[in-house]
$ cat coords_6.cif   # mmCIF, C-alpha atoms and all ligand atoms
data_target
#
loop_
_atom_site.label_atom_id
_atom_site.label_comp_id
_atom_site.auth_asym_id
_atom_site.auth_seq_id
_atom_site.Cartn_x
_atom_site.Cartn_y
_atom_site.Cartn_z
CA LYS A 1 -3.48 19.07 -12.89
CA VAL A 2 -4.62 15.50 -13.42
CA ILE A 3 -1.99 13.10 -14.77
CA LEU A 4 -4.08 9.93 -14.71
CA ARG A 5 -7.79 9.42 -14.95
CA LEU A 6 -9.28 5.98 -14.83
CA GLN A 7 -12.98 5.56 -15.29
CA ASP A 8 -14.95 2.44 -14.57
CA ALA A 9 -12.28 -0.08 -15.55
CA THR A 10 -13.32 -3.74 -15.46
CA LYS A 11 -11.15 -6.67 -16.49
CA GLN A 12 -12.28 -10.25 -16.39
CA PHE A 13 -10.00 -13.05 -17.50
CA SER A 14 -12.02 -15.55 -19.49
CA GLU A 15 -11.12 -18.52 -17.30
CA ASN A 16 -12.23 -16.81 -14.06
CA THR A 17 -15.72 -16.46 -12.62
CA THR A 18 -15.16 -13.04 -11.05
CA PRO A 19 -13.44 -9.99 -12.53
CA ALA A 20 -9.82 -9.35 -11.47
CA VAL A 21 -10.60 -5.60 -11.58
CA LYS A 22 -14.13 -4.36 -11.09
CA ASN A 23 -15.46 -0.86 -11.88
CA VAL A 24 -12.37 0.99 -10.70
CA SER A 25 -12.35 4.77 -11.09
CA LEU A 26 -9.64 7.07 -9.80
CA THR A 27 -7.71 10.22 -10.59
CA LEU A 28 -4.11 11.04 -9.76
CA GLN A 29 -2.75 14.58 -9.57
CA THR A 30 0.58 15.38 -11.22
CA GLY A 31 3.56 14.80 -8.94
CA ASN A 32 1.65 12.60 -6.50
CA ILE A 33 2.39 9.03 -5.46
CA LEU A 34 -0.63 6.75 -5.33
CA GLY A 35 -0.14 3.63 -3.22
CA LEU A 36 -2.28 0.69 -4.30
CA LEU A 37 -2.67 -1.51 -1.25
CA GLY A 38 -4.45 -4.82 -0.87
CA PRO A 39 -3.99 -8.50 -0.10
CA SER A 40 -2.50 -10.88 -2.63
CA GLY A 41 -4.86 -11.61 -5.53
CA CYS A 42 -7.03 -8.49 -5.07
CA GLY A 43 -6.19 -7.16 -8.54
CA LYS A 44 -3.35 -4.68 -7.96
CA THR A 45 -1.09 -6.00 -10.71
CA THR A 46 -3.96 -6.29 -13.17
CA LEU A 47 -4.98 -2.69 -12.50
CA LEU A 48 -1.39 -1.53 -13.00
CA ARG A 49 -1.18 -3.51 -16.23
CA ILE A 50 -4.37 -1.88 -17.49
CA ILE A 51 -2.89 1.56 -16.82
CA GLY A 52 0.38 0.51 -18.48
CA GLY A 53 -1.38 -0.85 -21.55
CA PHE A 54 -0.39 -4.50 -21.05
CA GLU A 55 -3.95 -5.61 -20.34
CA ARG A 56 -7.01 -4.43 -22.20
CA PRO A 57 -10.08 -4.10 -19.97
CA GLN A 58 -13.61 -5.02 -21.12
CA THR A 59 -14.90 -1.60 -20.06
CA GLY A 60 -13.31 1.63 -18.96
CA ILE A 61 -11.41 4.71 -20.04
CA VAL A 62 -7.72 5.30 -19.32
CA GLU A 63 -6.50 8.84 -19.74
CA ILE A 64 -2.86 9.88 -19.23
CA ASP A 65 -2.07 13.59 -19.14
CA GLY A 66 -5.33 14.52 -20.82
CA GLN A 67 -4.97 12.00 -23.65
CA ILE A 68 -7.20 8.95 -23.91
CA VAL A 69 -4.84 5.97 -24.23
CA GLY A 70 -7.51 3.34 -23.85
CA ASP A 71 -11.26 3.12 -24.27
CA ARG A 72 -13.79 1.15 -26.33
CA THR A 73 -12.16 2.10 -29.63
CA THR A 74 -8.64 3.27 -28.72
CA TRP A 75 -5.73 1.20 -27.42
CA ILE A 76 -2.30 2.80 -27.29
CA PRO A 77 0.48 0.23 -26.62
CA PRO A 78 2.71 0.49 -23.51
CA GLU A 79 5.77 1.85 -25.31
CA LYS A 80 3.78 4.84 -26.53
CA ARG A 81 2.27 5.74 -23.15
CA ASP A 82 5.28 7.61 -21.74
CA ILE A 83 5.47 5.47 -18.62
CA GLY A 84 8.32 3.97 -16.61
CA ILE A 85 7.95 0.54 -15.06
CA VAL A 86 9.66 -1.21 -12.16
CA PHE A 87 8.83 -4.79 -11.24
CA GLN A 88 9.42 -6.91 -8.17
CA ASP A 89 12.18 -8.87 -9.90
CA TYR A 90 14.63 -6.29 -11.14
CA ALA A 91 14.55 -7.57 -14.73
CA LEU A 92 17.94 -6.10 -15.62
CA PHE A 93 19.83 -7.29 -18.69
CA PRO A 94 22.52 -9.54 -17.19
CA HIS A 95 24.99 -9.00 -20.03
CA LEU A 96 24.80 -5.20 -19.88
CA THR A 97 26.59 -2.89 -17.44
CA VAL A 98 24.76 -0.51 -15.15
CA THR A 99 25.26 2.33 -17.61
CA GLU A 100 24.10 0.21 -20.55
CA ASN A 101 21.06 -0.96 -18.62
CA VAL A 102 20.05 2.58 -17.72
CA ALA A 103 20.73 3.82 -21.26
CA PHE A 104 18.53 1.08 -22.68
CA GLY A 105 15.37 3.16 -22.57
CA LEU A 106 17.10 6.15 -24.16
CA LYS A 107 17.31 4.97 -27.73
CA GLY A 108 16.82 7.81 -30.15
CA TYR A 109 18.60 10.38 -27.97
CA GLY A 110 21.98 11.89 -28.93
CA LYS A 111 25.12 10.47 -27.29
CA GLN A 112 25.66 13.49 -25.04
CA GLN A 113 22.05 13.55 -23.98
CA ILE A 114 22.21 9.85 -23.11
CA GLN A 115 25.35 10.36 -20.99
CA LYS A 116 23.73 13.25 -19.17
CA ARG A 117 20.49 11.43 -18.45
CA VAL A 118 22.24 8.25 -17.31
CA ALA A 119 24.44 10.27 -14.95
CA GLN A 120 21.42 12.16 -13.60
CA ALA A 121 19.44 8.99 -13.03
CA LEU A 122 22.34 7.23 -11.29
CA THR A 123 22.88 10.25 -9.03
CA LEU A 124 19.20 10.23 -8.17
CA VAL A 125 19.35 6.60 -6.99
CA ARG A 126 22.80 7.09 -5.37
CA LEU A 127 24.73 4.72 -7.59
CA GLU A 128 27.51 6.99 -8.78
CA GLY A 129 30.66 4.89 -9.16
CA PHE A 130 28.82 1.70 -10.15
CA GLU A 131 28.59 2.56 -13.86
CA LYS A 132 30.79 -0.27 -15.17
CA ARG A 133 29.49 -3.07 -12.98
CA TYR A 134 27.31 -5.90 -14.17
CA PRO A 135 24.08 -6.92 -12.39
CA TYR A 136 25.73 -10.00 -10.82
CA GLU A 137 28.23 -7.66 -9.13
CA LEU A 138 25.43 -5.81 -7.34
CA SER A 139 23.30 -6.56 -4.28
CA GLY A 140 19.52 -6.92 -4.64
CA GLY A 141 18.98 -3.40 -3.36
CA GLN A 142 21.52 -1.98 -5.80
CA GLN A 143 19.96 -3.92 -8.68
CA GLN A 144 16.59 -2.47 -7.84
CA ARG A 145 18.14 1.02 -7.80
CA VAL A 146 19.43 0.37 -11.33
CA ALA A 147 15.94 -0.73 -12.39
CA LEU A 148 14.58 2.50 -10.88
CA ALA A 149 17.22 4.59 -12.68
CA ARG A 150 16.46 2.83 -15.96
CA ALA A 151 12.75 3.57 -15.63
CA LEU A 152 13.36 7.19 -14.58
CA ALA A 153 16.01 8.07 -17.19
CA PRO A 154 13.57 8.82 -20.05
CA GLN A 155 11.70 11.13 -17.62
CA PRO A 156 8.33 9.45 -18.06
CA LYS A 157 5.07 11.16 -17.15
CA LEU A 158 4.03 8.30 -14.93
CA MET A 159 5.98 5.62 -13.05
CA LEU A 160 4.36 2.26 -12.35
CA LEU A 161 6.01 0.25 -9.57
CA ASP A 162 4.73 -3.25 -8.83
CA GLU A 163 5.89 -4.36 -5.36
CA PRO A 164 9.38 -3.01 -6.07
CA LEU A 165 10.65 -3.75 -2.55
CA SER A 166 9.09 -7.15 -1.96
CA ASN A 167 12.11 -9.22 -3.02
CA LEU A 168 14.57 -7.36 -0.81
CA ASP A 169 15.84 -8.35 2.63
CA ILE A 170 14.09 -6.55 5.46
CA GLN A 171 17.03 -4.21 6.22
CA VAL A 172 17.45 -3.13 2.60
CA ARG A 173 13.70 -2.96 2.10
CA LEU A 174 13.27 -0.53 5.00
CA GLN A 175 16.13 1.65 3.78
CA LEU A 176 14.96 1.80 0.18
CA ARG A 177 11.42 2.43 1.42
CA GLU A 178 12.72 5.57 3.11
CA GLU A 179 14.54 6.63 -0.04
CA ILE A 180 12.12 5.70 -2.79
CA ARG A 181 9.68 8.45 -1.93
CA ASP A 182 12.49 11.02 -2.00
CA ILE A 183 13.79 9.63 -5.30
CA LEU A 184 10.36 9.85 -6.97
CA LYS A 185 9.80 13.33 -5.55
CA ALA A 186 13.24 14.53 -6.65
CA ALA A 187 12.55 13.18 -10.14
CA GLY A 188 9.28 15.12 -10.06
CA THR A 189 7.40 12.18 -11.47
CA SER A 190 3.88 10.98 -10.74
CA ALA A 191 3.78 7.37 -9.62
CA ILE A 192 1.64 4.39 -8.74
CA PHE A 193 3.22 2.18 -6.14
CA VAL A 194 1.73 -1.27 -5.62
CA THR A 195 2.26 -3.07 -2.33
CA HIS A 196 0.58 -5.59 -0.04
CA ASP A 197 2.39 -4.07 2.97
CA GLN A 198 0.26 -1.51 4.78
CA GLU A 199 3.16 0.24 6.51
CA GLU A 200 4.95 0.59 3.20
CA ALA A 201 1.87 2.06 1.54
CA LEU A 202 1.37 4.58 4.33
CA ALA A 203 5.04 5.58 4.37
CA VAL A 204 5.56 6.04 0.63
CA SER A 205 2.24 7.41 -0.68
CA ASP A 206 0.53 10.78 -0.90
CA ILE A 207 -2.74 8.97 -1.58
CA VAL A 208 -3.57 5.37 -0.71
CA GLY A 209 -6.11 3.25 -2.58
CA VAL A 210 -7.17 0.11 -0.73
CA MET A 211 -8.28 -2.73 -3.00
CA ARG A 212 -10.39 -5.74 -2.18
CA GLN A 213 -11.52 -8.45 -4.57
CA GLY A 214 -11.01 -6.30 -7.64
CA HIS A 215 -12.59 -3.10 -6.46
CA LEU A 216 -11.28 0.03 -4.86
CA GLU A 217 -12.65 -0.01 -1.34
CA GLN A 218 -11.34 3.38 -0.20
CA ILE A 219 -9.03 6.09 -1.48
CA GLY A 220 -7.60 8.89 0.64
CA THR A 221 -4.51 10.27 2.34
CA PRO A 222 -2.62 7.82 4.57
CA GLU A 223 -3.95 9.67 7.62
CA GLU A 224 -7.56 9.52 6.39
CA ILE A 225 -7.31 5.81 5.64
CA TYR A 226 -5.76 5.08 9.02
CA THR A 227 -7.99 7.24 11.20
CA HIS A 228 -11.24 6.95 9.22
CA PRO A 229 -11.34 3.55 7.56
CA ALA A 230 -14.47 3.38 5.40
CA SER A 231 -15.17 -0.26 6.08
CA ARG A 232 -14.35 -3.05 8.45
CA PHE A 233 -12.14 -4.60 5.79
CA VAL A 234 -10.00 -1.45 5.53
CA ALA A 235 -9.80 -1.19 9.31
CA GLU A 236 -8.67 -4.79 9.64
CA PHE A 237 -6.26 -4.74 6.73
CA VAL A 238 -4.67 -1.34 7.28
CA THR A 239 -4.69 -0.93 11.04
CA GLN A 240 -5.09 -4.56 12.22
CA ALA A 241 -7.74 -3.23 14.57
CA ASN A 242 -9.75 -5.27 17.06
CA PHE A 243 -13.51 -5.64 16.74
CA LEU A 244 -16.02 -6.30 19.51
CA PRO A 245 -19.81 -6.59 19.35
CA ALA A 246 -21.33 -3.44 20.87
CA ARG A 247 -24.75 -2.15 21.86
CA ARG A 248 -25.86 1.44 22.29
CA GLN A 249 -26.55 2.47 25.90
CA GLY A 250 -27.61 6.12 25.91
CA ASN A 251 -24.52 8.15 25.02
CA LEU A 252 -22.17 5.20 25.36
CA TRP A 253 -21.62 1.91 23.61
CA GLU A 254 -21.43 -1.18 25.76
CA THR A 255 -19.12 -4.12 25.09
CA GLU A 256 -18.07 -7.09 27.16
CA ILE A 257 -14.99 -5.17 28.30
CA GLY A 258 -16.84 -2.01 29.33
CA CYS A 259 -18.69 1.07 28.06
CA PHE A 260 -17.04 3.57 25.76
CA ALA A 261 -17.88 6.93 24.25
CA VAL A 262 -18.00 7.02 20.46
CA LYS A 263 -17.74 10.34 18.68
CA ALA A 264 -18.84 9.43 15.20
CA SER A 265 -21.31 6.58 15.06
CA HIS A 266 -24.19 5.40 12.92
CA SER A 267 -27.86 5.29 13.84
CA HIS A 268 -28.14 1.59 14.61
CA GLU A 269 -28.54 0.15 18.08
CA ILE A 270 -25.96 -2.60 17.67
CA GLY A 271 -22.68 -2.78 15.78
CA GLU A 272 -19.05 -3.75 15.87
CA MET A 273 -16.67 -1.52 17.81
CA MET A 274 -13.29 -0.96 16.19
CA ILE A 275 -10.42 -0.50 18.62
CA ARG A 276 -6.89 -0.05 17.29
CA GLN A 277 -4.14 -1.98 19.06
CA GLU A 278 -2.25 1.13 20.10
CA ASP A 279 -5.31 2.85 21.56
CA PHE A 280 -5.76 0.54 24.52
CA ILE A 281 -4.57 1.72 27.91
CA LEU A 282 -3.92 -1.25 30.21
CA LYS A 283 -4.29 -0.93 33.96
CA PRO A 284 -3.87 -3.89 36.32
CA ALA A 285 -6.94 -4.52 38.51
CA THR A 286 -7.70 -7.81 40.30
CA ASP A 287 -11.43 -7.74 39.45
CA ALA A 288 -10.93 -6.67 35.81
CA PRO A 289 -12.68 -8.64 33.02
CA VAL A 290 -9.67 -9.12 30.76
CA VAL A 291 -6.54 -11.20 31.30
CA ILE A 292 -3.13 -10.94 29.62
CA ARG A 293 -2.43 -14.26 27.90
CA THR A 294 0.91 -13.45 26.28
CA ARG A 295 3.32 -10.56 26.10
CA ARG A 296 5.96 -10.10 23.42
CA PHE A 297 8.82 -7.62 23.50
CA LEU A 298 9.42 -6.05 20.08
CA GLY A 299 12.10 -3.51 20.93
CA ARG A 300 10.06 -0.36 20.59
CA GLU A 301 6.87 -1.82 22.02
CA TYR A 302 5.19 -4.65 23.84
CA ARG A 303 2.50 -6.65 22.08
CA TYR A 304 -0.10 -8.15 24.31
CA CYS A 305 -2.57 -10.85 23.51
CA LEU A 306 -5.56 -10.40 25.79
CA GLN A 307 -8.53 -12.61 26.51
CA THR A 308 -12.04 -11.30 27.14
CA PRO A 309 -14.64 -12.99 29.39
CA SER A 310 -16.27 -14.60 26.33
CA GLY A 311 -12.92 -15.99 25.24
CA LYS A 312 -12.29 -13.53 22.42
CA GLU A 313 -8.70 -12.52 21.65
CA LEU A 314 -7.73 -8.85 21.62
CA HIS A 315 -4.39 -7.41 20.57
CA ALA A 316 -2.79 -4.40 22.21
CA ARG A 317 0.51 -2.57 21.80
CA THR A 318 2.05 -0.36 24.40
CA MET A 319 5.20 1.63 24.89
CA ILE A 320 7.87 -0.30 26.71
CA ASN A 321 7.40 1.72 29.90
CA THR A 322 4.15 -0.22 30.45
CA ALA A 323 5.36 -3.74 31.13
CA ILE A 324 2.65 -5.86 32.71
CA PRO A 325 3.31 -9.56 33.36
CA GLU A 326 1.43 -12.37 31.65
CA GLY A 327 -1.52 -13.64 33.68
CA THR A 328 -2.36 -10.19 35.08
CA ARG A 329 -5.98 -9.04 34.94
CA VAL A 330 -6.30 -5.60 33.37
CA GLN A 331 -8.91 -2.91 33.02
CA LEU A 332 -8.92 -1.50 29.48
CA SER A 333 -9.59 2.12 28.71
CA ILE A 334 -9.52 3.91 25.41
CA ALA A 335 -9.21 7.57 24.38
CA ASP A 336 -12.65 8.99 23.58
CA ASP A 337 -12.41 9.59 19.85
CA ALA A 338 -10.30 6.52 19.09
CA VAL A 339 -13.11 3.97 18.74
CA ARG A 340 -15.51 3.69 15.82
CA ILE A 341 -18.66 1.69 15.21
CA PHE A 342 -19.24 -0.38 12.08
CA PRO A 343 -22.47 -2.13 11.14
CA SER A 344 -22.64 -5.75 12.30
CA LYS A 345 -21.63 -8.30 9.66
P1 LIG B 401 -2.46 -8.92 -7.02
O1 LIG B 401 -1.43 -8.24 -7.86
O2 LIG B 401 -3.23 -7.98 -6.15
O3 LIG B 401 -1.91 -10.06 -6.22
P2 LIG B 401 -3.51 -9.87 -9.57
O4 LIG B 401 -3.93 -8.65 -10.32
O5 LIG B 401 -2.22 -10.49 -9.94
O6 LIG B 401 -3.57 -9.56 -8.00
O7 LIG B 401 -4.65 -10.97 -9.72
C1 LIG B 401 -6.01 -10.68 -9.51
C2 LIG B 401 -6.83 -11.91 -9.87
O8 LIG B 401 -6.79 -12.12 -11.27
C3 LIG B 401 -6.35 -13.19 -9.22
O9 LIG B 401 -7.46 -13.98 -8.89
C4 LIG B 401 -5.52 -13.84 -10.32
O10 LIG B 401 -5.52 -15.22 -10.17
C5 LIG B 401 -6.25 -13.40 -11.57
N1 LIG B 401 -5.36 -13.24 -12.73
C6 LIG B 401 -4.32 -12.37 -12.84
N2 LIG B 401 -3.72 -12.47 -14.05
C7 LIG B 401 -4.39 -13.43 -14.72
C8 LIG B 401 -4.27 -14.01 -16.03
N3 LIG B 401 -3.34 -13.59 -16.88
N4 LIG B 401 -5.14 -14.97 -16.38
C9 LIG B 401 -6.09 -15.39 -15.51
N5 LIG B 401 -6.28 -14.90 -14.28
C10 LIG B 401 -5.44 -13.93 -13.87
MG MG B 402 0.64 -8.51 -7.93
#

$ encode --input "coords_6.cif" --output "structure tokens"
Amino acid sequence: KVILRLQDATKQFSENTTPAVKNVSLTLQTGNILGLLGPSGCGKTTLLRIIGGFERPQTGIVEIDGQIVGDRTTWIPPEKRDIGIVFQDYALFPHLTVTENVAFGLKGYGKQQIQKRVAQALTLVRLEGFEKRYPYELSGGQQQRVALARALAPQPKLMLLDEPLSNLDIQVRLQLREEIRDILKAAGTSAIFVTHDQEEALAVSDIVGVMRQGHLEQIGTPEEIYTHPASRFVAEFVTQANFLPARRQGNLWETEIGCFAVKASHSHEIGEMMIRQEDFILKPATDAPVVIRTRRFLGREYRYCLQTPSGKELHARTMINTAIPEGTRVQLSIADDAVRIFPSK
């Protein structure tokens, strides 16, 4: 069942020359988490605000749970859209306790019902025992859990989360990233999760939409996006892949670092070969074309910066059992189906 359908939404702010959101169409199935991923300024927040009813697009249809909430003639305001919202800054009421903050969205319910829903929501975000505290008595991570509980308590049809983890310290961010998917799933809610962090998008989402300059460049499962990026932009942004000019040579594609087999490729004779950092296999060889410029130890992996004969930089990551010193010349090989060819720019 479809919970959200967006058709051809375009929003241009009058003072700008290009639209913030351009012809975006998407559907979200009930219970799924859609991750909206893209660099800063690509239109993620604007798109979320259109869905939430805070921004009225010039064109487009917004449909939530089968009901049109926005089109040419209709515009239902945010408070009547049955949505829950979590922002980057927790936006709690400083003079209200945790319980009062969470109960805020439950006006119109009976007292018992409010107590029950607040307790449920606080259990969901693991904040039992914090009911009487004020926001200033909580850490950033705990405050964001309260904001989550407050948005979830009315049991909205759709949750909109705009970079909810971006203000948190790395340690807390990683922990809440692990939990937030479970929390949303346990609540049984559908959600749109905005982030500029590719790892976060892959980890939290069922479906990832990659945005660029206002439009949706690709939408698919995290695995699809990672293994079959639809464009060079997606490949660079999501996988931080390397690119090398390549020319077809019979069944292989030739680059300055060697010839490689490409499973899926287009019909052109030249293109750009995409090679993900983790797909390189490095083997020391004195006559090899590539040299290791720098090596960094990152705990779980080594990151190498390599230099090709033409002076191009390549990035590689390897398990820590492959430690090759800086200055070593290496032969690079790649698993057969790991490389892809994109049209030349
Ligand atoms: P993101 O959330 O991906 O960083 P935004 O949706 O905030 O991107 O912004 C997309 C573009 O729209 C940017 O160029 C931004 O400057 C512009 N923009 C956003 N909100 C407004 C506004 N209220 N008025 C004018 N321009 C805006
Ligand atoms: Mg934003």

$ atom_distance --input "coords_6.cif" --atom1 "CA of Val172 (chain A)" --atom2 "CA of Thr123 (chain A)"
18.5 Å

$ closest_residue --input "coords_6.cif" --among "A:Leu96, A:Asp82, A:Gln58, A:Ser166" --to "ligand MG 402 (chain B)" --atoms "only C-alpha atoms and all ligand atoms"
A:Ser166

$ residues_near_ligand --input "coords_6.cif" --ligand "ligand LIG 401 (chain B)" --cutoff "12 Å" --atoms "all atoms listed in the file" --output "MDAnalysis selection string"
chainID A and resid 10:22 36:50 54:56 87:88 161:163 193:197 210:216

$ residues_around --input "coords_6.cif" --residues "Arg177 (chain A)" --least-positions-apart "2" --cutoff "10 Å" --atoms "only C-alpha atoms" --output "list in words"
Pro164, Leu165, Gln171, Val172, Arg173, Leu174, Gln175, Glu179, Ile180, Arg181, Asp182, Glu199, Glu200, Ala201, Ala203 and Val204 of chain A

$ closest_residue --input "coords_6.cif" --among "A:Val146, A:Arg5, A:Asn32, A:Ile76" --to "Ile64 (chain A)" --atoms "only C-alpha atoms"
A:Arg5

$ atom_distance --input "coords_6.cif" --atom1 "CA of Ser310 (chain A)" --atom2 "CA of Asp337 (chain A)"
25.3 Å

$ closest_residue --input "coords_6.cif" --among "A:Pro245, A:Ile51, A:Ile61, A:Gln331" --to "Pro78 (chain A)" --atoms "all atoms listed in the file"
A:Ile51

$ closest_residue --input "coords_6.cif" --among "A:Val125, A:Phe233, A:Ala153, A:Phe260" --to "Glu100 (chain A)" --atoms "only C-alpha atoms"
A:Ala153

$ atom_distance --input "coords_6.cif" --atom1 "CA of Ala246 (chain A)" --atom2 "CA of Val291 (chain A)"
19.7 Å

$ residues_near_point --input "coords_6.cif" --point "(-6.5, -5.1, 38.5)" --cutoff "8 Å" --atoms "all atoms listed in the file" --output "number ranges by chain"
A: 283-288, 328-331

$ residues_around --input "coords_6.cif" --residues "region 218-230 of chain A" --least-positions-apart "6" --cutoff "12 Å" --atoms "all atoms listed in the file" --output "ChimeraX atom specification"
/A:24-28,32-38,198-212,236-241,263-265,274-276,279,337-343

$ residues_around --input "coords_6.cif" --residues "Leu122 (chain A)" --least-positions-apart "5" --cutoff "7 Å" --atoms "all atoms listed in the file" --output "list of chain:residue names"
A:Leu127, A:Glu128, A:Ala149

$ residues_around --input "coords_6.cif" --residues "region 302-308 of chain A" --least-positions-apart "3" --cutoff "12 Å" --atoms "all atoms listed in the file" --output "number ranges by chain"
A: 242-245, 255-258, 277-278, 280-282, 288-299, 311-332

$ write_last_selection --input "coords_6.cif" --atoms "C-alpha atoms" --output "mmCIF file, keeping the file's coordinate frame"
data_model
loop_
_atom_site.group_PDB
_atom_site.id
_atom_site.type_symbol
_atom_site.label_atom_id
_atom_site.label_comp_id
_atom_site.auth_asym_id
_atom_site.auth_seq_id
_atom_site.Cartn_x
_atom_site.Cartn_y
_atom_site.Cartn_z
ATOM 1 C CA ASN A 242 -9.750 -5.270 17.060
ATOM 2 C CA PHE A 243 -13.510 -5.640 16.740
ATOM 3 C CA LEU A 244 -16.020 -6.300 19.510
ATOM 4 C CA PRO A 245 -19.810 -6.590 19.350
ATOM 5 C CA THR A 255 -19.120 -4.120 25.090
ATOM 6 C CA GLU A 256 -18.070 -7.090 27.160
ATOM 7 C CA ILE A 257 -14.990 -5.170 28.300
ATOM 8 C CA GLY A 258 -16.840 -2.010 29.330
ATOM 9 C CA GLN A 277 -4.140 -1.980 19.060
ATOM 10 C CA GLU A 278 -2.250 1.130 20.100
ATOM 11 C CA PHE A 280 -5.760 0.540 24.520
ATOM 12 C CA ILE A 281 -4.570 1.720 27.910
ATOM 13 C CA LEU A 282 -3.920 -1.250 30.210
ATOM 14 C CA ALA A 288 -10.930 -6.670 35.810
ATOM 15 C CA PRO A 289 -12.680 -8.640 33.020
ATOM 16 C CA VAL A 290 -9.670 -9.120 30.760
ATOM 17 C CA VAL A 291 -6.540 -11.200 31.300
ATOM 18 C CA ILE A 292 -3.130 -10.940 29.620
ATOM 19 C CA ARG A 293 -2.430 -14.260 27.900
ATOM 20 C CA THR A 294 0.910 -13.450 26.280
ATOM 21 C CA ARG A 295 3.320 -10.560 26.100
ATOM 22 C CA ARG A 296 5.960 -10.100 23.420
ATOM 23 C CA PHE A 297 8.820 -7.620 23.500
ATOM 24 C CA LEU A 298 9.420 -6.050 20.080
ATOM 25 C CA GLY A 299 12.100 -3.510 20.930
ATOM 26 C CA GLY A 311 -12.920 -15.990 25.240
ATOM 27 C CA LYS A 312 -12.290 -13.530 22.420
ATOM 28 C CA GLU A 313 -8.700 -12.520 21.650
ATOM 29 C CA LEU A 314 -7.730 -8.850 21.620
ATOM 30 C CA HIS A 315 -4.390 -7.410 20.570
ATOM 31 C CA ALA A 316 -2.790 -4.400 22.210
ATOM 32 C CA ARG A 317 0.510 -2.570 21.800
ATOM 33 C CA THR A 318 2.050 -0.360 24.400
ATOM 34 C CA MET A 319 5.200 1.630 24.890
ATOM 35 C CA ILE A 320 7.870 -0.300 26.710
ATOM 36 C CA ASN A 321 7.400 1.720 29.900
ATOM 37 C CA THR A 322 4.150 -0.220 30.450
ATOM 38 C CA ALA A 323 5.360 -3.740 31.130
ATOM 39 C CA ILE A 324 2.650 -5.860 32.710
ATOM 40 C CA PRO A 325 3.310 -9.560 33.360
ATOM 41 C CA GLU A 326 1.430 -12.370 31.650
ATOM 42 C CA GLY A 327 -1.520 -13.640 33.680
ATOM 43 C CA THR A 328 -2.360 -10.190 35.080
ATOM 44 C CA ARG A 329 -5.980 -9.040 34.940
ATOM 45 C CA VAL A 330 -6.300 -5.600 33.370
ATOM 46 C CA GLN A 331 -8.910 -2.910 33.020
ATOM 47 C CA LEU A 332 -8.920 -1.500 29.480
#
